[in-house]
>>> print(open('target.cif').read())   # mmCIF, C-alpha atoms and all ligand atoms
data_data
loop_
_atom_site.label_atom_id
_atom_site.label_comp_id
_atom_site.auth_asym_id
_atom_site.auth_seq_id
_atom_site.Cartn_x
_atom_site.Cartn_y
_atom_site.Cartn_z
CA MET A 1 131.41 48.27 54.51
CA LYS A 2 132.81 51.16 56.56
CA THR A 3 136.58 51.47 56.56
CA ILE A 4 138.26 52.15 59.86
CA ALA A 5 141.36 54.23 59.31
CA VAL A 6 142.75 57.51 60.48
CA ASP A 7 142.06 60.56 58.28
CA GLU A 8 144.55 63.25 57.14
CA ARG A 9 144.09 65.27 60.32
CA GLY A 10 144.45 62.27 62.57
CA TYR A 11 140.81 61.55 63.35
CA TYR A 12 139.00 58.26 63.80
CA GLY A 13 135.42 59.50 63.59
CA GLN A 14 135.21 62.33 66.12
CA PHE A 15 138.25 61.13 68.12
CA GLY A 16 141.94 61.93 67.66
CA GLY A 17 143.55 65.04 66.21
CA ALA A 18 146.55 66.92 67.58
CA TYR A 19 145.86 69.29 70.47
CA ILE A 20 149.31 70.57 71.29
CA PRO A 21 150.98 73.70 72.60
CA GLU A 22 152.47 75.98 69.94
CA MET A 23 156.00 75.04 71.10
CA LEU A 24 155.52 71.42 70.04
CA TYR A 25 154.03 72.16 66.65
CA PRO A 26 157.31 71.85 64.68
CA ASN A 27 158.15 68.45 66.23
CA VAL A 28 154.72 66.96 65.78
CA GLU A 29 154.41 68.38 62.27
CA GLU A 30 157.82 66.93 61.35
CA LEU A 31 156.64 63.51 62.53
CA ARG A 32 153.35 63.84 60.69
CA GLN A 33 155.08 64.67 57.43
CA THR A 34 157.70 61.94 57.80
CA TYR A 35 156.23 58.83 59.34
CA LEU A 36 154.32 57.26 56.44
CA GLU A 37 157.03 57.81 53.85
CA PHE A 38 159.65 56.68 56.31
CA MET A 39 157.81 53.45 57.04
CA GLU A 40 157.70 52.67 53.36
CA LEU A 41 161.45 53.11 52.82
CA GLU A 42 163.08 49.84 51.88
CA SER A 43 166.04 50.64 54.13
CA PHE A 44 163.69 51.07 57.11
CA GLN A 45 161.74 47.92 56.32
CA ARG A 46 164.92 45.87 56.01
CA GLU A 47 166.33 47.09 59.34
CA PHE A 48 162.97 46.88 61.17
CA GLN A 49 162.26 43.34 59.94
CA SER A 50 165.75 42.13 60.73
CA LEU A 51 165.65 43.56 64.28
CA LEU A 52 162.18 42.12 64.87
CA ARG A 53 163.46 38.72 63.81
CA ASP A 54 166.96 38.54 65.29
CA TYR A 55 166.71 40.90 68.26
CA VAL A 56 163.10 40.66 69.42
CA GLY A 57 162.67 37.00 68.41
CA ARG A 58 159.69 37.35 66.07
CA PRO A 59 157.48 35.86 64.89
CA SER A 60 156.10 35.28 68.38
CA PRO A 61 154.32 31.90 68.57
CA LEU A 62 150.57 31.48 68.29
CA TYR A 63 149.97 28.82 70.90
CA LEU A 64 146.93 26.55 71.23
CA ALA A 65 146.07 26.67 74.93
CA LYS A 66 144.59 23.18 75.31
CA ARG A 67 143.66 23.13 78.98
CA LEU A 68 142.21 26.61 78.89
CA SER A 69 140.24 25.68 75.76
CA GLU A 70 138.83 22.63 77.53
CA ARG A 71 137.85 24.65 80.56
CA TYR A 72 135.88 27.18 78.51
CA GLY A 73 134.61 24.74 75.85
CA VAL A 74 135.99 26.77 72.96
CA THR A 75 139.26 26.95 71.00
CA ILE A 76 141.69 29.46 72.50
CA TYR A 77 144.99 30.54 70.96
CA LEU A 78 147.48 32.75 72.77
CA LYS A 79 149.59 35.25 70.85
CA ARG A 80 152.81 35.05 72.80
CA GLU A 81 154.08 38.64 73.00
CA ASP A 82 155.40 37.68 76.44
CA LEU A 83 158.19 35.80 74.67
CA ASN A 84 159.54 38.93 72.99
CA HIS A 85 162.86 40.35 74.15
CA THR A 86 162.11 42.49 77.26
CA GLY A 87 158.93 40.51 77.92
CA ALA A 88 156.08 42.40 76.27
CA HIS A 89 154.75 43.83 73.02
CA LYS A 90 156.21 47.29 73.76
CA ILE A 91 159.52 46.52 72.01
CA ASN A 92 157.83 46.33 68.57
CA ASN A 93 156.99 50.03 68.79
CA THR A 94 160.22 51.25 70.40
CA ILE A 95 162.30 49.63 67.67
CA GLY A 96 160.21 51.35 65.01
CA GLN A 97 160.41 54.71 66.76
CA ILE A 98 164.13 54.59 67.52
CA LEU A 99 164.80 54.00 63.82
CA LEU A 100 162.62 57.02 63.02
CA ALA A 101 164.42 59.13 65.67
CA LYS A 102 167.77 58.23 64.12
CA HIS A 103 166.43 59.07 60.67
CA LEU A 104 165.42 62.52 62.01
CA GLY A 105 168.88 63.04 63.55
CA LYS A 106 167.64 63.11 67.18
CA LYS A 107 170.21 62.51 69.93
CA ARG A 108 168.12 62.43 73.08
CA ILE A 109 165.17 60.12 73.79
CA ILE A 110 162.46 60.62 76.39
CA ALA A 111 159.61 58.31 77.34
CA GLU A 112 156.87 57.87 79.93
CA THR A 113 156.18 54.56 81.58
CA GLY A 114 153.54 52.98 83.83
CA ALA A 115 154.36 49.34 84.51
CA GLY A 116 157.90 50.05 83.40
CA GLN A 117 157.65 47.80 80.35
CA HIS A 118 157.71 50.72 77.92
CA GLY A 119 160.53 52.33 79.89
CA VAL A 120 162.53 49.12 79.69
CA ALA A 121 161.77 48.71 75.98
CA THR A 122 162.86 52.31 75.34
CA ALA A 123 166.01 52.03 77.48
CA THR A 124 166.81 48.83 75.59
CA VAL A 125 166.64 50.35 72.11
CA CYS A 126 168.59 53.41 73.33
CA ALA A 127 171.36 51.11 74.55
CA LEU A 128 171.19 49.30 71.22
CA MET A 129 171.59 52.54 69.28
CA GLY A 130 173.82 54.41 71.73
CA LEU A 131 171.37 57.26 72.44
CA GLN A 132 170.73 59.13 75.71
CA CYS A 133 167.53 57.97 77.46
CA ILE A 134 165.36 59.64 80.11
CA VAL A 135 162.27 57.84 81.39
CA TYR A 136 159.53 59.56 83.40
CA MET A 137 157.71 57.31 85.84
CA GLY A 138 155.17 58.04 88.60
CA SER A 139 156.59 57.68 92.12
CA VAL A 140 153.87 55.16 92.99
CA ASP A 141 154.77 53.05 89.95
CA ILE A 142 158.48 53.27 90.80
CA LYS A 143 157.59 51.52 94.07
CA ARG A 144 155.28 48.85 92.65
CA GLN A 145 157.48 48.01 89.65
CA ALA A 146 160.92 47.92 91.26
CA PRO A 147 162.39 45.19 89.02
CA ASN A 148 161.73 47.28 85.91
CA VAL A 149 163.27 50.38 87.50
CA ALA A 150 166.40 48.33 88.14
CA ARG A 151 166.45 47.11 84.54
CA MET A 152 166.18 50.65 83.16
CA ARG A 153 169.02 51.84 85.37
CA MET A 154 171.13 48.84 84.37
CA LEU A 155 170.51 49.78 80.72
CA GLY A 156 171.89 53.26 81.35
CA ALA A 157 168.61 55.19 81.37
CA GLU A 158 167.87 57.96 83.84
CA VAL A 159 164.56 57.32 85.64
CA ARG A 160 162.91 60.58 86.72
CA PRO A 161 160.05 60.32 89.24
CA ALA A 162 156.76 62.12 88.54
CA THR A 163 155.48 63.32 91.89
CA SER A 164 152.24 65.14 91.00
CA GLY A 165 148.64 63.85 90.99
CA SER A 166 148.22 60.12 91.52
CA GLN A 167 151.95 59.72 90.73
CA THR A 168 151.20 57.18 88.02
CA LEU A 169 151.17 56.98 84.22
CA LYS A 170 149.17 60.16 83.50
CA ASP A 171 151.56 62.21 85.60
CA ALA A 172 154.63 60.64 84.00
CA THR A 173 153.15 61.54 80.60
CA ASN A 174 152.65 65.17 81.70
CA GLU A 175 156.31 65.34 82.74
CA ALA A 176 157.52 63.85 79.47
CA ILE A 177 155.48 66.38 77.47
CA ARG A 178 156.91 69.20 79.60
CA ASP A 179 160.43 67.93 78.89
CA TRP A 180 159.71 67.82 75.14
CA ILE A 181 158.44 71.40 75.18
CA ASN A 182 161.72 72.46 76.81
CA ASN A 183 163.92 70.42 74.45
CA PRO A 184 162.23 70.52 71.05
CA GLU A 185 165.38 70.49 68.91
CA ASP A 186 167.38 67.38 69.74
CA THR A 187 164.78 65.22 71.48
CA HIS A 188 162.37 62.55 70.24
CA TYR A 189 159.54 61.51 72.53
CA ILE A 190 158.84 57.77 72.20
CA ILE A 191 155.21 57.45 73.29
CA GLY A 192 154.45 53.92 74.43
CA SER A 193 150.85 53.49 73.38
CA VAL A 194 148.29 54.52 70.76
CA VAL A 195 147.72 57.82 72.57
CA GLY A 196 149.00 61.36 72.16
CA PRO A 197 148.65 63.79 69.26
CA HIS A 198 148.43 62.59 65.67
CA PRO A 199 150.49 60.91 64.21
CA TYR A 200 151.36 58.89 67.35
CA PRO A 201 148.19 56.76 67.60
CA ASP A 202 148.40 55.71 63.95
CA MET A 203 152.18 55.37 63.96
CA VAL A 204 152.24 53.16 67.07
CA ALA A 205 149.33 51.07 65.74
CA ARG A 206 151.27 50.47 62.52
CA PHE A 207 154.44 49.43 64.37
CA GLN A 208 152.35 47.07 66.52
CA SER A 209 150.34 45.73 63.57
CA VAL A 210 152.97 43.02 63.11
CA ILE A 211 150.98 41.19 65.83
CA SER A 212 147.82 40.72 63.73
CA GLU A 213 149.83 40.27 60.55
CA GLU A 214 151.41 37.20 62.15
CA ILE A 215 148.12 36.04 63.70
CA ARG A 216 146.61 35.83 60.19
CA TRP A 217 149.16 33.49 58.66
CA GLN A 218 149.74 31.55 61.87
CA LEU A 219 146.02 30.92 62.29
CA GLU A 220 145.77 29.81 58.69
CA ALA A 221 148.60 27.33 59.27
CA HIS A 222 146.92 26.05 62.48
CA THR A 223 143.28 25.97 61.40
CA GLY A 224 143.10 26.59 57.65
CA ARG A 225 141.25 29.87 58.30
CA ASP A 226 143.14 33.16 58.45
CA TYR A 227 140.83 34.98 60.85
CA PRO A 228 139.54 34.19 64.35
CA SER A 229 135.99 34.56 65.69
CA ALA A 230 137.25 37.10 68.20
CA VAL A 231 140.43 38.84 69.27
CA ILE A 232 140.68 39.69 72.97
CA ALA A 233 143.18 42.18 74.35
CA CYS A 234 143.60 44.34 77.42
CA VAL A 235 143.54 48.09 76.93
CA GLY A 236 145.52 50.64 78.86
CA GLY A 237 146.18 53.18 76.14
CA GLY A 238 145.49 50.38 73.71
CA SER A 239 148.67 49.52 71.79
CA ASN A 240 148.68 45.74 72.15
CA ALA A 241 144.98 45.75 71.32
CA ALA A 242 145.54 48.03 68.31
CA GLY A 243 148.28 45.71 67.06
CA ALA A 244 146.19 42.57 67.59
CA PHE A 245 143.07 44.13 66.01
CA TYR A 246 144.80 45.99 63.15
CA HIS A 247 144.40 43.62 60.21
CA PHE A 248 140.90 42.66 61.35
CA LEU A 249 139.54 46.18 61.86
CA ASN A 250 137.55 46.07 58.63
CA ASP A 251 136.67 42.37 58.82
CA GLU A 252 133.25 42.20 60.46
CA ARG A 253 133.54 38.43 60.88
CA VAL A 254 136.00 39.11 63.69
CA ARG A 255 134.73 40.39 67.04
CA LEU A 256 137.08 42.81 68.71
CA ILE A 257 137.05 42.63 72.51
CA ALA A 258 138.74 45.45 74.46
CA VAL A 259 139.26 44.66 78.13
CA GLU A 260 139.64 47.49 80.61
CA ALA A 261 140.61 47.59 84.28
CA ALA A 262 137.67 48.07 86.63
CA GLY A 263 139.95 48.35 89.66
CA LEU A 264 137.85 47.83 92.80
CA GLY A 265 134.67 47.92 90.66
CA VAL A 266 133.50 50.10 87.77
CA HIS A 267 131.41 52.39 89.99
CA SER A 268 133.52 52.13 93.15
CA GLY A 269 135.32 55.41 92.52
CA GLU A 270 138.53 53.37 92.23
CA SER A 271 138.57 52.30 88.61
CA ALA A 272 140.18 52.82 85.21
CA ALA A 273 137.25 51.64 83.03
CA THR A 274 137.44 54.60 80.68
CA SER A 275 134.96 53.44 78.07
CA VAL A 276 132.21 53.21 80.72
CA LEU A 277 133.17 56.17 82.92
CA GLY A 278 134.75 58.39 80.29
CA THR A 279 133.31 61.34 78.40
CA GLU A 280 134.69 63.18 75.40
CA GLY A 281 137.56 65.51 76.12
CA VAL A 282 141.20 66.22 75.38
CA ILE A 283 144.08 64.49 77.14
CA HIS A 284 147.75 64.36 76.21
CA GLY A 285 147.17 65.84 72.78
CA SER A 286 144.14 64.00 71.45
CA ARG A 287 140.36 64.17 71.65
CA THR A 288 139.15 60.94 73.14
CA LEU A 289 137.20 59.38 76.00
CA LEU A 290 138.58 60.23 79.39
CA MET A 291 137.58 60.11 83.02
CA GLN A 292 136.81 63.68 84.05
CA THR A 293 134.53 65.69 86.30
CA SER A 294 131.71 67.81 84.81
CA ASP A 295 134.07 70.81 84.83
CA GLY A 296 136.83 68.95 83.00
CA GLN A 297 139.14 67.97 85.87
CA ILE A 298 140.73 64.58 85.30
CA VAL A 299 139.50 61.91 87.70
CA GLU A 300 142.41 59.94 89.13
CA PRO A 301 142.25 56.40 87.77
CA TYR A 302 142.94 53.30 89.79
CA SER A 303 143.97 49.77 88.86
CA ILE A 304 146.25 47.28 90.60
CA SER A 305 147.94 46.99 87.24
CA ALA A 306 150.25 49.92 86.52
CA GLY A 307 149.98 49.43 82.74
CA LEU A 308 146.19 49.90 82.75
CA ASP A 309 146.09 52.69 85.33
CA TYR A 310 145.33 55.53 82.87
CA PRO A 311 142.32 57.90 82.71
CA GLY A 312 142.14 57.92 78.91
CA ILE A 313 142.06 55.47 76.02
CA GLY A 314 143.54 55.80 72.53
CA PRO A 315 141.27 57.58 69.99
CA LEU A 316 141.09 54.47 67.81
CA HIS A 317 139.56 52.52 70.69
CA ALA A 318 137.21 55.35 71.64
CA HIS A 319 135.96 55.21 68.06
CA LEU A 320 135.78 51.41 67.90
CA ILE A 321 133.79 51.21 71.12
CA LYS A 322 131.48 54.19 70.50
CA SER A 323 130.71 53.01 66.96
CA GLY A 324 129.94 49.50 68.23
CA ARG A 325 132.76 47.86 66.23
CA ALA A 326 134.52 46.74 69.42
CA GLU A 327 132.96 45.42 72.62
CA ALA A 328 134.33 46.68 75.93
CA ILE A 329 134.53 44.44 78.99
CA SER A 330 135.75 45.59 82.39
CA VAL A 331 137.53 43.35 84.87
CA THR A 332 138.26 44.00 88.56
CA ASP A 333 141.62 43.65 90.30
CA GLU A 334 140.35 40.59 92.10
CA ASP A 335 139.16 38.80 88.95
CA ALA A 336 142.42 39.63 87.16
CA LEU A 337 144.50 38.22 90.03
CA GLN A 338 142.49 35.00 90.06
CA ALA A 339 142.74 34.70 86.26
CA ALA A 340 146.52 35.13 86.45
CA LEU A 341 146.68 32.29 88.97
CA ASP A 342 144.39 30.05 86.88
CA VAL A 343 146.27 30.62 83.62
CA THR A 344 149.59 30.01 85.32
CA ARG A 345 148.40 26.69 86.72
CA MET A 346 146.57 25.54 83.60
CA GLU A 347 149.14 26.53 80.98
CA GLY A 348 152.40 27.04 82.87
CA ILE A 349 152.56 30.67 81.74
CA ILE A 350 152.70 33.55 84.23
CA PRO A 351 151.01 36.46 82.48
CA ALA A 352 151.46 40.15 83.27
CA LEU A 353 148.76 41.63 85.51
CA GLU A 354 147.61 43.73 82.54
CA THR A 355 147.23 40.63 80.39
CA ALA A 356 145.43 38.79 83.19
CA HIS A 357 142.51 41.18 82.64
CA ALA A 358 142.13 39.84 79.08
CA PHE A 359 141.98 36.28 80.41
CA ALA A 360 139.40 37.19 83.05
CA ALA A 361 137.15 38.57 80.29
CA LEU A 362 136.50 34.98 79.14
CA ASP A 363 134.16 34.60 82.13
CA GLN A 364 132.03 37.49 80.88
CA MET A 365 131.93 36.61 77.17
CA LYS A 366 129.39 34.71 75.13
CA TYR A 367 130.64 32.52 72.30
CA ALA A 368 129.79 29.35 70.37
CA ALA A 369 131.61 26.04 70.89
CA ASP A 370 133.16 26.16 67.40
CA ASP A 371 134.50 29.69 67.84
CA VAL A 372 138.22 30.31 67.65
CA LEU A 373 139.40 32.95 70.10
CA VAL A 374 142.78 34.65 70.05
CA ILE A 375 143.98 36.31 73.26
CA CYS A 376 146.86 38.73 72.99
CA LEU A 377 149.23 37.62 75.74
CA SER A 378 150.78 41.08 75.91
CA GLY A 379 153.48 40.38 78.47
CA ARG A 380 154.97 38.16 81.13
CA GLY A 381 154.32 38.49 84.83
CA ASP A 382 157.79 38.49 86.38
CA LYS A 383 157.42 42.17 87.25
CA ASP A 384 154.15 41.45 89.11
CA LEU A 385 155.28 38.66 91.42
CA ASP A 386 154.91 40.89 94.51
CA ALA A 387 151.24 41.53 93.72
CA PHE A 388 150.69 37.85 92.95
CA MET A 389 152.34 36.78 96.22
CA THR A 390 150.21 39.19 98.26
CA TYR A 391 147.14 37.64 96.61
CA LEU A 392 148.40 34.09 97.07
CA ASP A 393 149.20 34.68 100.75
CA ARG A 394 145.57 35.72 101.17
CA VAL A 395 143.76 33.00 99.19
CA GLU A 396 146.21 30.17 99.76
CA PRO A 397 148.43 30.80 102.80
CA LEU A 398 151.73 28.97 102.81
CA GLY A 399 151.40 25.44 104.19
CA ILE A 400 147.71 25.02 103.36
CA HIS A 401 148.18 24.21 99.67
CA SER A 402 145.06 22.29 98.69
CA GLU A 403 145.41 18.94 96.90
CA LYS A 404 143.22 19.21 93.86
C1 LIG A 501 152.01 48.46 78.78
C2 LIG A 501 151.33 47.18 78.84
C3 LIG A 501 149.94 47.07 78.58
C4 LIG A 501 149.04 48.26 78.37
O1 LIG A 501 149.40 49.09 77.29
P1 LIG A 501 148.61 49.05 75.92
O2 LIG A 501 149.16 50.22 75.18
O3 LIG A 501 147.16 49.21 76.23
O4 LIG A 501 148.92 47.77 75.26
C5 LIG A 501 149.38 45.82 78.55
N1 LIG A 501 150.11 44.71 78.78
C6 LIG A 501 151.43 44.78 79.06
C7 LIG A 501 152.18 43.51 79.32
C8 LIG A 501 152.09 46.01 79.09
O5 LIG A 501 153.38 46.05 79.36
#
>>> encode(input="target.cif", output="structure tokens")
Amino acid sequence: MKTIAVDERGYYGQFGGAYIPEMLYPNVEELRQTYLEFMELESFQREFQSLLRDYVGRPSPLYLAKRLSERYGVTIYLKREDLNHTGAHKINNTIGQILLAKHLGKKRIIAETGAGQHGVATATVCALMGLQCIVYMGSVDIKRQAPNVARMRMLGAEVRPATSGSQTLKDATNEAIRDWINNPEDTHYIIGSVVGPHPYPDMVARFQSVISEEIRWQLEAHTGRDYPSAVIACVGGGSNAAGAFYHFLNDERVRLIAVEAAGLGVHSGESAATSVLGTEGVIHGSRTLLMQTSDGQIVEPYSISAGLDYPGIGPLHAHLIKSGRAEAISVTDEDALQAALDVTRMEGIIPALETAHAFAALDQMKYAADDVLVICLSGRGDKDLDAFMTYLDRVEPLGIHSEK
């Protein structure tokens, strides 16, 4: 059986590596030489585990979604990352990275954010550790994710708007990289997904791998079998998916389903379905699939969901999809909105718009009745209520609530 793991130089098959300006070489090299040893230190493990338990609230429950299971005629478990402190999986990674930053003696933390969840998770761990925090965020995202901007400011972080390009996640990432180039000495850049130059994709996947580690023993306790038939997760850069897939990567009994945002439709020109529309190229420090023109200009992505609105995909996922190990499904804005509404009313859980894409993928999947599916419920939907209300006002105007 083929083993899926990153190699010495940071490649998964042909994807990955570290394509960085000379100025960043010392920082990235320092991380590369430190991260694996650091993660094995007993002192790190003790502090990481204790924060995950007492601060984040792990293990997150694995919940049997009975009504959803009935509707689809299959067994569906939800991995409840929405119940983590700060409301998404992002905190698993920021806790790991802030401990590494402290270990390296860094005093200043920068981050990029799309939906604001990674910005909030970073501002949170900076408050926890008493470190300065600057978060870059696209101006468009600042508008559509106002509650998270308020949370970051409350936590003492400085939110700096990225005003170039589509003014979303890609542009915020460009600004963060520019900042790092100008402040290489005292600054650690906490990347929020399995993207960027090696070692970030592998490092972030390892910090997030607690998700599938827990799924294994929780599923065994629930069903007597420690692996599901399929794991389904939405993919922006791909960190919640990487964490949910991690311990099943080399287990061919488990289907890996990566769900991307199709925006207004995969071929509408307004989409973020990178695995379909993307070609090989370099973005934000790694060789991967990205949406680009034939002369290498990045095509502006679009999704209603700020966390999936990114023209690239982590190199691990590019490899998983191109090699056939993972299946990619793309879901439109409209289908994600309807799925969010359905899940909320069937399970009493309001999922994040990003996560809603993973739920909508159920309509496009084939499975057997005795399959056990695990959906990574990457985050909660409080931040998306404006988008949900706009949708609800359209499909179910106030006062005409149907009696079902
Ligand atoms: C950030 C975010 C995502 C997308 O990021 P990944 O790195 O692909 O996981 C998905 N869901 C939620 C709730 C998020 O906050």
>>> closest_atom_pairs(input="target.cif", of="chain A", to="ligand LIG 501 (chain A)", cutoff="6 Å", atoms="all atoms listed in the file", output="Markdown table")
| residue | atom | partner | partner_atom | distance |
| --- | --- | --- | --- | --- |
| A:Ala88 | CA | A:LIG501 | C7 | 5.1 |
| A:Gln117 | CA | A:LIG501 | O5 | 4.7 |
| A:Ser193 | CA | A:LIG501 | O2 | 4.1 |
| A:Val235 | CA | A:LIG501 | O3 | 3.9 |
| A:Gly236 | CA | A:LIG501 | O3 | 3.4 |
| A:Gly237 | CA | A:LIG501 | O3 | 4.1 |
| A:Gly238 | CA | A:LIG501 | O3 | 3.2 |
| A:Ser239 | CA | A:LIG501 | O2 | 3.5 |
| A:Asn240 | CA | A:LIG501 | O4 | 3.7 |
| A:Ala241 | CA | A:LIG501 | O4 | 5.9 |
| A:Gly307 | CA | A:LIG501 | C1 | 4.6 |
| A:Leu308 | CA | A:LIG501 | C4 | 5.5 |
| A:Ala352 | CA | A:LIG501 | C7 | 5.2 |
| A:Glu354 | CA | A:LIG501 | N1 | 4.6 |
| A:Thr355 | CA | A:LIG501 | N1 | 5.2 |
| A:Ser378 | CA | A:LIG501 | C7 | 4.4 |
| A:Gly379 | CA | A:LIG501 | C7 | 3.5 |
>>> residues_around(input="target.cif", residues="segment 80-83 of chain A", least_positions_apart="6", cutoff="10 Å", atoms="all atoms listed in the file", output="number ranges by chain")
A: 56-63, 89-92, 211, 240, 349-352, 355, 375-381
>>> closest_residue(input="target.cif", among="A:Leu131, A:Ala262, A:Leu392, A:Ile4", to="Ala157 of chain A", atoms="only C-alpha atoms")
A:Leu131
>>> residues_around(input="target.cif", residues="Val159 of chain A", least_positions_apart="4", cutoff="8 Å", atoms="only C-alpha atoms", output="ChimeraX atom specification")
/A:134-137,149,152-153
>>> residues_around(input="target.cif", residues="Ser229 of chain A", least_positions_apart="3", cutoff="6 Å", atoms="all atoms listed in the file", output="list in words")
Val254, Asp371, Val372 and Leu373 of chain A
>>> residues_around(input="target.cif", residues="Ile329 of chain A", least_positions_apart="5", cutoff="9 Å", atoms="all atoms listed in the file", output="list of chain:residue names")
A:Ile257, A:Ala258, A:Val259, A:Glu260, A:Ala261, A:Ala273, A:Ala358, A:Ala361, A:Gln364, A:Met365
>>> axis_aligned_box(input="target.cif", around="segment 354-372 of chain A", padding_each_side="8 Å", output="lines of an AutoDock Vina configuration file")
center_x = 138.5
center_y = 34.9
center_z = 75.3
size_x = 34.2
size_y = 33.7
size_z = 31.8
>>> residues_near_point(input="target.cif", point="(169.0, 60.7, 62.6)", cutoff="12 Å", atoms="only C-alpha atoms", output="list of chain:residue names")
A:Phe38, A:Gln97, A:Ile98, A:Leu99, A:Leu100, A:Ala101, A:Lys102, A:His103, A:Leu104, A:Gly105, A:Lys106, A:Lys107, A:Arg108, A:Ile109, A:Met129, A:Leu131, A:Asp186, A:Thr187, A:His188
>>> closest_residue(input="target.cif", among="A:Arg225, A:His118, A:Lys170, A:His284", to="Ser139 of chain A", atoms="all atoms listed in the file")
A:Lys170
>>> closest_residue(input="target.cif", among="A:Met346, A:Leu320, A:Val374, A:Val299", to="Leu249 of chain A", atoms="all atoms listed in the file")
A:Leu320
>>> residues_around(input="target.cif", residues="Asp251 of chain A", least_positions_apart="5", cutoff="12 Å", atoms="only C-alpha atoms", output="ChimeraX atom specification")
/A:1-4,216,226-231,245-246,256,325-326
>>> closest_residue(input="target.cif", among="A:Ala127, A:Leu155, A:Met203, A:Ala368", to="Ile190 of chain A", atoms="only C-alpha atoms")
A:Met203
>>> atom_distance(input="target.cif", atom1="atom CA of Glu158 of chain A", atom2="atom CA of Leu385 of chain A")
24.3 Å
>>> closest_residue(input="target.cif", among="A:Ser43, A:Ser271, A:Thr223, A:Thr94", to="Ser305 of chain A", atoms="only C-alpha atoms")
A:Ser271
